[in-house]
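Student: Here you go, this is data28.csv (CSV, C-alpha atoms).
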chain,number,residue,atom,x,y,z
U,15,MET,CA,-52.2,81.2,-91.8
U,16,THR,CA,-55.6,82.1,-93.3
U,17,ASP,CA,-56.2,84.9,-95.7
U,18,ILE,CA,-58.5,86.8,-93.3
U,19,ARG,CA,-55.9,86.7,-90.5
U,20,ASP,CA,-53.4,88.2,-92.9
U,21,ALA,CA,-55.8,90.9,-93.9
U,22,LEU,CA,-56.6,91.7,-90.2
U,23,ARG,CA,-52.9,91.8,-89.3
U,24,GLU,CA,-52.2,94.0,-92.3
U,25,VAL,CA,-54.9,96.5,-91.3
U,26,TRP,CA,-53.9,96.5,-87.6
U,27,THR,CA,-50.2,96.9,-88.1
U,28,ALA,CA,-50.6,99.6,-90.8
U,29,ASP,CA,-50.4,103.0,-89.3
U,30,ALA,CA,-53.7,104.3,-90.5
U,31,GLY,CA,-54.5,107.0,-88.0
U,32,PRO,CA,-52.9,110.4,-87.5
U,33,PRO,CA,-49.3,110.4,-86.2
U,34,GLY,CA,-49.4,110.0,-82.4
U,35,ARG,CA,-47.9,112.6,-80.1
U,36,ASP,CA,-45.7,111.9,-77.2
U,37,PRO,CA,-48.2,110.7,-74.5
U,38,VAL,CA,-45.9,111.6,-71.6
U,39,PRO,CA,-47.2,115.2,-71.1
U,40,ALA,CA,-50.8,114.1,-71.3
U,41,VAL,CA,-50.2,111.2,-68.9
U,42,ARG,CA,-48.4,113.5,-66.5
U,43,ALA,CA,-51.3,116.0,-66.6
U,44,ARG,CA,-53.8,113.2,-65.9
U,45,LEU,CA,-51.8,111.9,-63.0
U,46,ARG,CA,-51.5,115.4,-61.5
U,47,ARG,CA,-55.3,115.8,-61.9
U,48,ARG,CA,-55.9,112.4,-60.4
U,49,ARG,CA,-53.6,113.4,-57.4
U,50,ARG,CA,-55.5,116.6,-57.0
U,51,VAL,CA,-58.9,114.9,-57.0
U,52,ARG,CA,-57.7,112.3,-54.5
U,53,ALA,CA,-56.3,115.0,-52.2
U,54,THR,CA,-59.5,117.0,-52.5
U,55,VAL,CA,-61.5,113.8,-51.7
U,56,ALA,CA,-59.3,113.1,-48.7
U,57,ALA,CA,-59.6,116.6,-47.4
U,58,LEU,CA,-63.3,116.5,-47.8
U,59,ALA,CA,-63.4,113.2,-46.0
U,60,SER,CA,-61.3,114.6,-43.2
U,61,CYS,CA,-63.6,117.6,-42.9
U,62,ALA,CA,-66.6,115.3,-42.8
U,63,VAL,CA,-65.0,113.2,-40.1
U,64,VAL,CA,-64.0,116.2,-38.0
U,65,GLY,CA,-67.4,117.8,-38.5
U,66,MET,CA,-69.1,114.7,-37.5
U,67,ALA,CA,-67.0,114.4,-34.4
U,68,VAL,CA,-67.7,118.0,-33.4
U,69,PHE,CA,-71.4,117.5,-34.0
U,70,MET,CA,-71.5,114.3,-31.9
U,71,ALA,CA,-69.5,116.0,-29.1
U,72,ALA,CA,-71.8,118.9,-29.1
U,73,THR,CA,-74.9,116.7,-29.2
U,74,ALA,CA,-73.5,114.6,-26.4
U,75,ARG,CA,-72.8,117.7,-24.3
U,76,TYR,CA,-76.3,119.2,-24.8
U,77,GLY,CA,-77.9,115.8,-24.5
U,78,GLU,CA,-76.7,115.4,-20.9
U,79,PRO,CA,-79.4,116.0,-18.2
U,80,ALA,CA,-79.2,119.4,-16.7
U,81,PRO,CA,-77.7,119.5,-13.2
U,82,SER,CA,-80.2,119.8,-10.4
U,83,VAL,CA,-80.7,123.3,-8.9
U,84,ALA,CA,-82.1,124.3,-5.7
U,85,GLY,CA,-85.7,125.5,-5.6
U,86,PRO,CA,-89.0,124.2,-6.7
U,87,PRO,CA,-89.0,121.9,-9.8
U,88,ALA,CA,-90.4,123.3,-13.0
U,89,SER,CA,-92.8,120.4,-13.3
U,90,PRO,CA,-96.3,120.9,-12.0
U,91,VAL,CA,-96.5,117.3,-10.9
U,92,ALA,CA,-97.6,117.1,-7.4
U,93,PRO,CA,-95.4,115.4,-4.8
U,94,GLU,CA,-96.6,112.3,-3.2
U,95,LEU,CA,-98.9,113.0,-0.3
U,96,ARG,CA,-98.3,111.0,2.8
U,97,GLY,CA,-100.4,110.6,5.9
U,98,LEU,CA,-103.7,110.4,4.1
U,99,PRO,CA,-106.7,109.2,6.1
U,100,PRO,CA,-107.4,105.7,4.8
U,101,SER,CA,-111.1,106.4,4.1
U,102,LEU,CA,-110.3,109.0,1.4
U,103,ARG,CA,-110.1,108.3,-2.3
U,104,PRO,CA,-108.8,110.6,-5.0
U,105,VAL,CA,-111.5,112.6,-6.9
U,106,ASP,CA,-111.5,115.3,-9.5
U,107,ALA,CA,-109.9,118.4,-7.9
U,108,THR,CA,-112.0,121.0,-9.7
U,109,ASP,CA,-115.3,119.3,-8.8
U,110,ALA,CA,-114.1,118.8,-5.2
U,111,VAL,CA,-113.2,122.5,-4.9
U,112,LEU,CA,-116.6,123.5,-6.3
U,113,ARG,CA,-118.3,121.3,-3.7
U,114,MET,CA,-116.5,123.2,-0.9
U,115,ALA,CA,-118.4,125.9,1.0
U,116,ARG,CA,-115.7,128.5,0.2
U,117,PRO,CA,-114.2,127.5,-3.2
U,118,GLU,CA,-112.9,131.0,-3.6
U,119,VAL,CA,-110.3,130.6,-0.8
U,120,VAL,CA,-108.5,127.7,-2.7
U,121,PRO,CA,-105.6,129.3,-4.4
U,122,ALA,CA,-104.4,128.4,-7.9
U,123,GLY,CA,-101.7,125.8,-8.2
U,124,THR,CA,-101.3,122.0,-8.6
U,125,ARG,CA,-104.5,120.7,-7.1
U,126,THR,CA,-105.4,117.3,-5.8
U,127,ALA,CA,-108.5,116.3,-3.9
U,128,TYR,CA,-109.8,113.3,-2.0
U,129,GLU,CA,-113.2,112.5,-0.6
U,130,GLY,CA,-114.7,109.7,1.4
U,131,ALA,CA,-117.5,108.6,3.7
U,132,GLY,CA,-115.4,108.4,6.8
U,133,PRO,CA,-114.9,111.0,9.5
U,134,VAL,CA,-113.0,113.2,7.1
U,135,ALA,CA,-115.3,114.1,4.2
U,136,ARG,CA,-112.9,116.0,2.0
U,137,LEU,CA,-109.3,117.0,1.6
U,138,VAL,CA,-108.1,119.5,-0.9
U,139,VAL,CA,-104.4,120.1,-1.4
U,140,VAL,CA,-102.7,122.7,-3.6
U,141,PHE,CA,-99.0,122.4,-4.2
U,142,ASP,CA,-96.9,125.4,-5.1
U,143,PHE,CA,-99.9,127.7,-4.8
U,144,GLU,CA,-99.9,131.1,-6.3
U,145,ALA,CA,-101.0,134.4,-4.7
U,146,PRO,CA,-100.9,133.2,-1.0
U,147,GLN,CA,-103.7,134.8,0.8
U,148,GLY,CA,-105.3,134.9,4.2
U,149,LEU,CA,-107.3,132.0,5.4
U,150,PRO,CA,-110.9,132.1,6.7
U,151,GLY,CA,-111.6,131.0,10.2
U,152,THR,CA,-109.8,131.4,13.4
U,153,PRO,CA,-106.0,130.8,13.6
U,154,ARG,CA,-105.1,127.8,15.6
U,155,GLU,CA,-101.9,126.5,17.1
U,156,VAL,CA,-100.0,123.8,15.3
U,157,SER,CA,-98.6,121.4,17.9
U,158,VAL,CA,-96.7,119.1,15.7
U,159,PRO,CA,-93.0,119.9,15.0
U,160,THR,CA,-92.4,121.1,11.5
U,161,GLY,CA,-89.6,122.8,9.6
U,162,ALA,CA,-92.1,124.7,7.4
U,163,GLN,CA,-93.7,128.1,8.1
U,164,VAL,CA,-97.4,127.3,8.6
U,165,LEU,CA,-100.6,129.2,9.0
U,166,ALA,CA,-103.5,127.1,10.2
U,167,THR,CA,-107.1,128.1,10.8
U,168,ASP,CA,-110.4,126.4,11.5
U,169,GLU,CA,-113.8,127.6,10.4
U,170,PRO,CA,-116.6,125.7,12.2
U,171,ALA,CA,-119.2,127.3,10.0
U,172,THR,CA,-118.0,125.4,7.0
U,173,SER,CA,-116.6,122.5,9.0
U,174,THR,CA,-113.3,123.1,7.3
U,175,ALA,CA,-109.7,123.5,8.7
U,176,TYR,CA,-107.2,125.4,6.5
U,177,LEU,CA,-103.5,125.3,6.2
U,178,SER,CA,-101.0,127.4,4.2
U,179,ALA,CA,-97.4,126.2,4.5
U,180,TRP,CA,-94.0,127.1,3.0
U,181,ALA,CA,-91.6,124.2,3.2
U,182,PRO,CA,-87.8,124.7,3.4
U,183,ASP,CA,-87.4,123.1,-0.1
U,184,GLY,CA,-89.2,126.1,-1.6
U,185,ARG,CA,-92.5,124.4,-2.2
U,186,SER,CA,-95.8,125.7,-0.8
U,187,TRP,CA,-98.8,123.8,0.3
U,188,PHE,CA,-102.4,124.6,0.8
U,189,MET,CA,-104.8,122.1,2.5
U,190,ALA,CA,-108.4,122.2,3.4
U,191,VAL,CA,-109.9,119.4,5.5
U,192,THR,CA,-113.6,119.1,5.8
U,193,ALA,CA,-115.0,117.0,8.6
U,194,ALA,CA,-117.9,117.4,10.9
U,195,GLU,CA,-115.9,117.3,14.1
U,196,ALA,CA,-113.3,120.0,14.8
U,197,GLU,CA,-111.1,117.5,16.6
U,198,ILE,CA,-111.0,115.3,13.5
U,199,ARG,CA,-110.2,118.3,11.3
U,200,SER,CA,-107.3,119.4,13.5
U,201,SER,CA,-105.9,115.8,14.1
U,202,THR,CA,-106.1,115.1,10.3
U,203,LEU,CA,-104.3,118.3,9.5
U,204,ASP,CA,-101.7,117.7,12.1
U,205,ALA,CA,-101.1,114.2,10.8
U,206,LEU,CA,-100.7,115.6,7.3
U,207,ILE,CA,-98.3,118.3,8.5
U,208,ALA,CA,-96.2,115.7,10.3
U,209,ALA,CA,-96.1,113.4,7.4
U,210,ASN,CA,-95.4,115.9,4.7
U,211,LEU,CA,-93.9,118.9,6.3
U,212,GLY,CA,-92.2,117.5,9.3
M,21,MET,CA,-35.8,106.8,-60.4
M,22,ASP,CA,-39.1,105.1,-60.8
M,23,ALA,CA,-40.7,108.1,-62.5
M,24,ASP,CA,-38.0,108.2,-65.1
M,25,GLU,CA,-38.3,104.5,-65.7
M,26,PHE,CA,-42.0,104.8,-66.1
M,27,GLU,CA,-41.7,107.7,-68.6
M,28,THR,CA,-39.1,105.8,-70.5
M,29,PHE,CA,-41.4,102.9,-70.7
M,30,VAL,CA,-44.3,105.2,-71.9
M,31,ARG,CA,-42.1,106.7,-74.7
M,32,ASP,CA,-40.7,103.3,-75.8
M,33,SER,CA,-44.0,101.5,-75.8
M,34,ALA,CA,-46.3,104.2,-77.1
M,35,PRO,CA,-46.0,103.3,-80.9
M,36,ALA,CA,-46.8,99.6,-80.3
M,37,LEU,CA,-49.5,100.3,-77.7
M,38,ARG,CA,-51.1,103.1,-79.9
M,39,ARG,CA,-51.4,100.6,-82.8
M,40,TYR,CA,-52.9,98.1,-80.4
M,41,ALA,CA,-55.3,100.7,-79.0
M,42,ARG,CA,-56.4,101.6,-82.6
M,43,ALA,CA,-57.0,97.9,-83.3
M,44,VAL,CA,-59.1,97.5,-80.2
M,45,THR,CA,-61.1,100.7,-80.6
M,46,ALA,CA,-61.1,101.1,-84.4
M,47,ASP,CA,-61.1,104.8,-83.7
M,48,PRO,CA,-58.0,107.0,-83.5
M,49,ASP,CA,-59.5,109.5,-81.0
M,50,GLN,CA,-60.8,106.7,-78.7
M,51,ALA,CA,-57.5,105.0,-79.1
M,52,GLU,CA,-55.6,108.0,-77.8
M,53,GLU,CA,-57.9,108.4,-74.8
M,54,LEU,CA,-57.6,104.7,-74.1
M,55,LEU,CA,-53.8,104.8,-74.3
M,56,GLN,CA,-53.6,107.6,-71.8
M,57,GLN,CA,-56.0,105.9,-69.4
M,58,THR,CA,-54.0,102.7,-69.6
M,59,TYR,CA,-50.8,104.5,-68.8
M,60,VAL,CA,-52.4,106.3,-65.8
M,61,ARG,CA,-53.7,102.9,-64.6
M,62,MET,CA,-50.2,101.5,-65.0
M,63,ALA,CA,-48.6,104.4,-63.1
M,64,THR,CA,-50.6,103.6,-60.0
M,65,ALA,CA,-49.2,100.0,-60.1
M,66,TRP,CA,-45.8,100.7,-61.5
M,67,HIS,CA,-43.8,99.3,-58.5
M,68,ARG,CA,-45.7,96.0,-58.7
M,69,LEU,CA,-45.4,95.8,-62.4
M,70,LEU,CA,-41.6,96.3,-62.2
M,71,ALA,CA,-41.3,93.5,-59.6
M,72,GLU,CA,-43.5,91.1,-61.6
M,73,GLY,CA,-42.1,92.0,-65.1
M,74,GLY,CA,-44.0,92.1,-68.4
M,75,PRO,CA,-45.5,95.6,-68.3
M,76,LEU,CA,-46.3,95.5,-72.0
M,77,ALA,CA,-48.5,92.4,-71.6
M,78,TYR,CA,-50.2,94.0,-68.6
M,79,ALA,CA,-50.8,97.2,-70.6
M,80,LYS,CA,-52.5,95.3,-73.4
M,81,VAL,CA,-54.8,93.4,-71.0
M,82,THR,CA,-55.5,96.6,-69.1
M,83,MET,CA,-56.4,98.3,-72.4
M,84,VAL,CA,-58.8,95.6,-73.4
M,85,ARG,CA,-60.4,95.5,-69.9
M,86,LEU,CA,-60.9,99.3,-69.9
M,87,HIS,CA,-62.4,99.2,-73.4
M,88,VAL,CA,-64.9,96.5,-72.7
M,89,SER,CA,-65.9,97.6,-69.3
M,90,ARG,CA,-69.6,98.1,-68.9
M,91,LEU,CA,-69.3,101.7,-67.7
M,92,ARG,CA,-67.2,102.6,-70.7
M,93,THR,CA,-69.6,101.0,-73.0
M,94,ILE,CA,-72.5,103.1,-71.6
M,95,VAL,CA,-70.5,106.3,-72.0
M,96,ARG,CA,-69.4,105.4,-75.5
M,97,ARG,CA,-73.0,104.7,-76.5
M,98,ALA,CA,-74.2,108.0,-75.0
M,99,ARG,CA,-71.5,110.0,-76.8
M,100,LEU,CA,-71.6,108.4,-80.3
M,101,ALA,CA,-74.4,108.9,-82.8
M,102,PRO,CA,-75.9,105.7,-84.1
M,103,ALA,CA,-73.1,104.0,-86.1
M,104,ALA,CA,-73.8,103.6,-89.8
M,105,PRO,CA,-73.9,100.0,-90.9
M,106,PRO,CA,-70.6,98.8,-92.4
M,107,SER,CA,-70.6,99.2,-96.1
M,108,VAL,CA,-70.5,96.0,-98.1
M,109,ALA,CA,-68.4,95.6,-101.3
M,110,ALA,CA,-70.5,96.7,-104.2
M,111,ASP,CA,-69.4,94.2,-106.8
M,112,GLY,CA,-68.0,91.5,-104.5
M,113,ILE,CA,-65.0,91.1,-106.8
M,114,GLY,CA,-61.4,91.9,-106.3
M,115,ARG,CA,-59.0,92.5,-103.4
M,116,VAL,CA,-60.5,94.0,-100.2
M,117,ASP,CA,-59.2,97.5,-99.5
M,118,ASP,CA,-58.0,98.5,-96.0
M,119,GLY,CA,-60.7,101.1,-95.6
M,120,GLN,CA,-63.5,98.6,-96.2
M,121,LEU,CA,-62.0,96.2,-93.7
M,122,ARG,CA,-61.6,99.0,-91.2
M,123,ARG,CA,-65.2,99.9,-91.5
M,124,LEU,CA,-66.3,96.3,-91.0
M,125,LEU,CA,-64.1,96.1,-87.9
M,126,ALA,CA,-65.6,99.4,-86.6
M,127,GLY,CA,-69.0,97.9,-86.9
M,128,LEU,CA,-68.3,95.1,-84.5
M,129,SER,CA,-69.0,95.3,-80.8
M,130,PRO,CA,-66.1,96.2,-78.6
M,131,LEU,CA,-66.0,92.6,-77.2
M,132,GLN,CA,-66.0,91.0,-80.7
M,133,ARG,CA,-63.2,93.3,-81.8
M,134,ALA,CA,-61.2,92.7,-78.6
M,135,VAL,CA,-61.5,88.9,-79.2
M,136,LEU,CA,-60.3,89.2,-82.8
M,137,VAL,CA,-57.4,91.4,-81.8
M,138,MET,CA,-56.3,89.1,-79.0
M,139,THR,CA,-56.7,86.0,-81.2
M,140,TYR,CA,-55.0,87.2,-84.4
M,141,LEU,CA,-52.7,89.9,-83.2
M,142,ASP,CA,-51.6,88.5,-79.9
M,143,ASP,CA,-52.0,84.8,-80.7
M,144,LEU,CA,-53.6,84.2,-77.3
M,145,ASP,CA,-55.6,81.1,-76.6
M,146,ASP,CA,-59.2,81.1,-75.6
M,147,ASP,CA,-58.6,80.7,-71.9
M,148,SER,CA,-56.3,83.7,-71.8
M,149,ILE,CA,-58.7,85.8,-73.7
M,150,ALA,CA,-61.5,84.7,-71.5
M,151,ALA,CA,-59.6,85.7,-68.4
M,152,ALA,CA,-58.7,89.1,-69.9
M,153,ILE,CA,-62.3,90.1,-70.8
M,154,GLY,CA,-64.0,88.3,-67.9
M,155,ARG,CA,-66.0,85.9,-70.0
M,156,ARG,CA,-66.0,82.1,-70.4
M,157,PRO,CA,-63.9,80.4,-73.2
M,158,ALA,CA,-67.1,79.2,-74.9
M,159,THR,CA,-68.3,82.8,-75.0
M,160,VAL,CA,-64.9,83.8,-76.5
M,161,ARG,CA,-65.4,81.2,-79.3
M,162,SER,CA,-68.9,82.4,-79.9
M,163,LEU,CA,-67.8,86.1,-80.1
M,164,ARG,CA,-65.1,85.2,-82.5
M,165,GLN,CA,-67.3,83.2,-84.8
M,166,ARG,CA,-69.9,86.0,-84.9
M,167,ALA,CA,-67.2,88.6,-85.6
M,168,LEU,CA,-65.7,86.5,-88.4
M,169,GLY,CA,-69.1,86.0,-89.8
M,170,THR,CA,-69.7,89.7,-90.0
M,171,VAL,CA,-66.3,90.4,-91.5
M,172,ARG,CA,-66.7,87.6,-94.1
M,173,ALA,CA,-70.1,88.8,-95.0
M,174,GLY,CA,-68.7,92.2,-95.9
M,175,LEU,CA,-65.7,90.9,-97.8
M,176,PRO,CA,-65.6,90.3,-101.6
M,177,ILE,CA,-66.7,86.8,-102.7
M,178,THR,CA,-63.3,85.8,-104.2
M,179,ARG,CA,-61.5,86.7,-100.9
M,180,VAL,CA,-64.1,84.8,-98.8
M,181,ARG,CA,-63.8,81.8,-101.0
M,182,ALA,CA,-60.1,81.7,-100.8
M,183,GLU,CA,-60.2,82.0,-97.0
M,184,ARG,CA,-62.8,79.2,-96.8
M,185,GLU,CA,-60.6,77.0,-99.0
M,186,VAL,CA,-57.6,77.5,-96.8
M,187,ALA,CA,-59.7,77.0,-93.6
M,188,GLY,CA,-61.7,74.0,-94.9
Rewrite the structure of this file - the entire thing - as structure tokens.
Tutor:
Amino acid sequence: MTDIRDALREVWTADAGPPGRDPVPAVRARLRRRRRVRATVAALASCAVVGMAVFMAATARYGEPAPSVAGPPASPVAPELRGLPPSLRPVDATDAVLRMARPEVVPAGTRTAYEGAGPVARLVVVFDFEAPQGLPGTPREVSVPTGAQVLATDEPATSTAYLSAWAPDGRSWFMAVTAAEAEIRSSTLDALIAANLG
Amino acid sequence: MDADEFETFVRDSAPALRRYARAVTADPDQAEELLQQTYVRMATAWHRLLAEGGPLAYAKVTMVRLHVSRLRTIVRRARLAPAAPPSVAADGIGRVDDGQLRRLLAGLSPLQRAVLVMTYLDDLDDDSIAAAIGRRPATVRSLRQRALGTVRAGLPITRVRAEREVAG
């Protein structure tokens, strides 16, 4: 055994420090503290899990699409227009209204417009129009069967036939057909009524 | 009862493990802290330790591992002021006193001190020490050589010569 080993052992085995206390109370206290910390961490973790579950449940509940209700949709998107004369093409609605002989009679609402070089020159349609008002021209009989309440007029002076209609689904329609011949105006309007309000 | 058994073990082993902790840390306050942490660590594994046997050996290895852990090293460095270099014997003659050797040991790194303790106090081989401190056996040999070099450099000449003659 070397001298340095003896010296090291002598130093290590000699009780050089202060006398040691009984470590049991300190160890007990540390274990109690450790248990408390673990219990707190577990409680916090449980709270976090429950909170997350509640949050996710609430999010899922409010994330579902709203059930459909009767009445006009909130969206201003115009419904698809059927029965359109084939010669017409979509144009800017504002410009088309301004080109009409009586733009003031076109109510506010969701407007669409079509123009073409065929027998029908222009068609202006307003969905869900506001402030329904009287129509220019002479009232005419609507012969096609329809579930909507309709008011149809024709004004030869401006070569325009008008229609205001209130459909059973709550939507309202305004149409103005411009064509040189009265028969074309009325037949076009009737076709549109049958296709969209029948 | 397991709790009674554990507390009996703590009371019985405290003197030996306290000495061991003081050897490993070279600081009585750190040794007390390390001793309590070791017992807490053992309490959580007490059932397994009873089944496997040898709780004292487990306690020593746990103590060394706790002491050389990287996190503990960082905390120790942050707490302690820069350590003064170990004082060297002024005349280099005569028998080395305990205080001088303690100061030399305190100047070693925790790993070097742990290797010396496990080598000369526990008589463990390099493989066992390497497994305990999580290093390779070659690293253990290197750590021991450097530690011994530091200690020899601080010892009086007569004592170093005697040690060399015995070793050589």
Student: I'd like a table as JSON lines: residues in chain U with an atom no more than 12 Å from chain M, each row giving the shortest atom pair and its distance in Å to one decimal, all atoms listed in the file counted, sorted by chain and rising residue number.
Tutor:
{"residue": "U:Met15", "atom": "CA", "partner": "M:Val186", "partner_atom": "CA", "distance": 8.2}
{"residue": "U:Thr16", "atom": "CA", "partner": "M:Glu183", "partner_atom": "CA", "distance": 5.9}
{"residue": "U:Asp17", "atom": "CA", "partner": "M:Glu183", "partner_atom": "CA", "distance": 5.1}
{"residue": "U:Ile18", "atom": "CA", "partner": "M:Glu183", "partner_atom": "CA", "distance": 6.3}
{"residue": "U:Arg19", "atom": "CA", "partner": "M:Tyr140", "partner_atom": "CA", "distance": 6.2}
{"residue": "U:Asp20", "atom": "CA", "partner": "M:Tyr140", "partner_atom": "CA", "distance": 8.7}
{"residue": "U:Ala21", "atom": "CA", "partner": "M:Leu121", "partner_atom": "CA", "distance": 8.2}
{"residue": "U:Leu22", "atom": "CA", "partner": "M:Tyr140", "partner_atom": "CA", "distance": 7.5}
{"residue": "U:Arg23", "atom": "CA", "partner": "M:Leu141", "partner_atom": "CA", "distance": 6.4}
{"residue": "U:Glu24", "atom": "CA", "partner": "M:Asp118", "partner_atom": "CA", "distance": 8.2}
{"residue": "U:Val25", "atom": "CA", "partner": "M:Asp118", "partner_atom": "CA", "distance": 6.0}
{"residue": "U:Trp26", "atom": "CA", "partner": "M:Ala43", "partner_atom": "CA", "distance": 5.5}
{"residue": "U:Thr27", "atom": "CA", "partner": "M:Arg39", "partner_atom": "CA", "distance": 6.6}
{"residue": "U:Ala28", "atom": "CA", "partner": "M:Arg39", "partner_atom": "CA", "distance": 8.1}
{"residue": "U:Asp29", "atom": "CA", "partner": "M:Arg39", "partner_atom": "CA", "distance": 7.0}
{"residue": "U:Ala30", "atom": "CA", "partner": "M:Pro48", "partner_atom": "CA", "distance": 8.6}
{"residue": "U:Gly31", "atom": "CA", "partner": "M:Pro48", "partner_atom": "CA", "distance": 5.7}
{"residue": "U:Pro32", "atom": "CA", "partner": "M:Pro48", "partner_atom": "CA", "distance": 7.3}
{"residue": "U:Pro33", "atom": "CA", "partner": "M:Pro35", "partner_atom": "CA", "distance": 9.5}
{"residue": "U:Gly34", "atom": "CA", "partner": "M:Arg38", "partner_atom": "CA", "distance": 7.5}
{"residue": "U:Arg35", "atom": "CA", "partner": "M:Ala34", "partner_atom": "CA", "distance": 9.1}
{"residue": "U:Asp36", "atom": "CA", "partner": "M:Arg31", "partner_atom": "CA", "distance": 6.8}
{"residue": "U:Pro37", "atom": "CA", "partner": "M:Gln56", "partner_atom": "CA", "distance": 6.8}
{"residue": "U:Val38", "atom": "CA", "partner": "M:Glu27", "partner_atom": "CA", "distance": 6.5}
{"residue": "U:Pro39", "atom": "CA", "partner": "M:Glu27", "partner_atom": "CA", "distance": 9.6}
{"residue": "U:Ala40", "atom": "CA", "partner": "M:Gln56", "partner_atom": "CA", "distance": 7.1}
{"residue": "U:Val41", "atom": "CA", "partner": "M:Gln56", "partner_atom": "CA", "distance": 5.7}
{"residue": "U:Arg42", "atom": "CA", "partner": "M:Val60", "partner_atom": "CA", "distance": 8.3}
{"residue": "U:Ala43", "atom": "CA", "partner": "M:Val60", "partner_atom": "CA", "distance": 9.8}
{"residue": "U:Arg44", "atom": "CA", "partner": "M:Val60", "partner_atom": "CA", "distance": 7.0}
{"residue": "U:Leu45", "atom": "CA", "partner": "M:Val60", "partner_atom": "CA", "distance": 6.3}
{"residue": "U:Arg46", "atom": "CA", "partner": "M:Val60", "partner_atom": "CA", "distance": 10.1}
{"residue": "U:Arg47", "atom": "CA", "partner": "M:Val60", "partner_atom": "CA", "distance": 10.7}
{"residue": "U:Arg48", "atom": "CA", "partner": "M:Val60", "partner_atom": "CA", "distance": 8.9}
{"residue": "U:Arg49", "atom": "CA", "partner": "M:Thr64", "partner_atom": "CA", "distance": 10.6}
Student: Between U:Val139, U:Val156, U:Leu203, U:Ala209, which has the minimum distance to U:Phe188 (counting all atoms listed in the file)?
Tutor: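 When distances to U:Phe188 are compared using all atoms listed in the file, the smallest one comes from U:Val139.
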Student: Fewer than 6 positions away in the same chain doesn't count, so skip those; otherwise give me all residues within 8 Å of U:Ala166, counting all atoms listed in the file, as a compact mmCIF listing (two decimals) with C-alpha atoms, keeping the file's coordinate frame.
Tutor:
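As written to disk, out.txt reads:
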# COMPACT_ATOMS: atom_id res chain seq x y z
CA LEU U 149 -107.30 132.00 5.40
CA PRO U 153 -106.00 130.80 13.60
CA ARG U 154 -105.10 127.80 15.60
CA GLU U 155 -101.90 126.50 17.10
CA VAL U 156 -100.00 123.80 15.30
CA ALA U 175 -109.70 123.50 8.70
CA TYR U 176 -107.20 125.40 6.50
CA LEU U 177 -103.50 125.30 6.20
CA SER U 178 -101.00 127.40 4.20
Student: Select, from M:Pro157, M:Gly73, M:Gly174, M:Pro130, the residue with the minimum atom-to-atom distance to M:Thr45, counting only C-alpha atoms.
Tutor: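 Closest candidate: M:Pro130.
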Student: Provide the atom CA of U:Val134 to atom CA of U:Ser157 distance in Å, to one decimal place.
Tutor: 19.8 Å
Student: List the spatial neighbours of M:Ala79 as JSON, numbers by chain - criterion: any atom at most 10 Å away, only C-alpha atoms, same-chain residues fewer than 3 positions off excluded.
Tutor: {"M": [33, 37, 55, 58, 59, 61, 62, 69, 74, 75, 76, 82, 83, 84, 85]}
Student: In Å, with one decimal, what is the gap from atom CA of U:Arg136 to atom CA of U:Ser200?
Tutor: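 Separating atom CA of U:Arg136 from atom CA of U:Ser200 is a distance of 13.2 Å.
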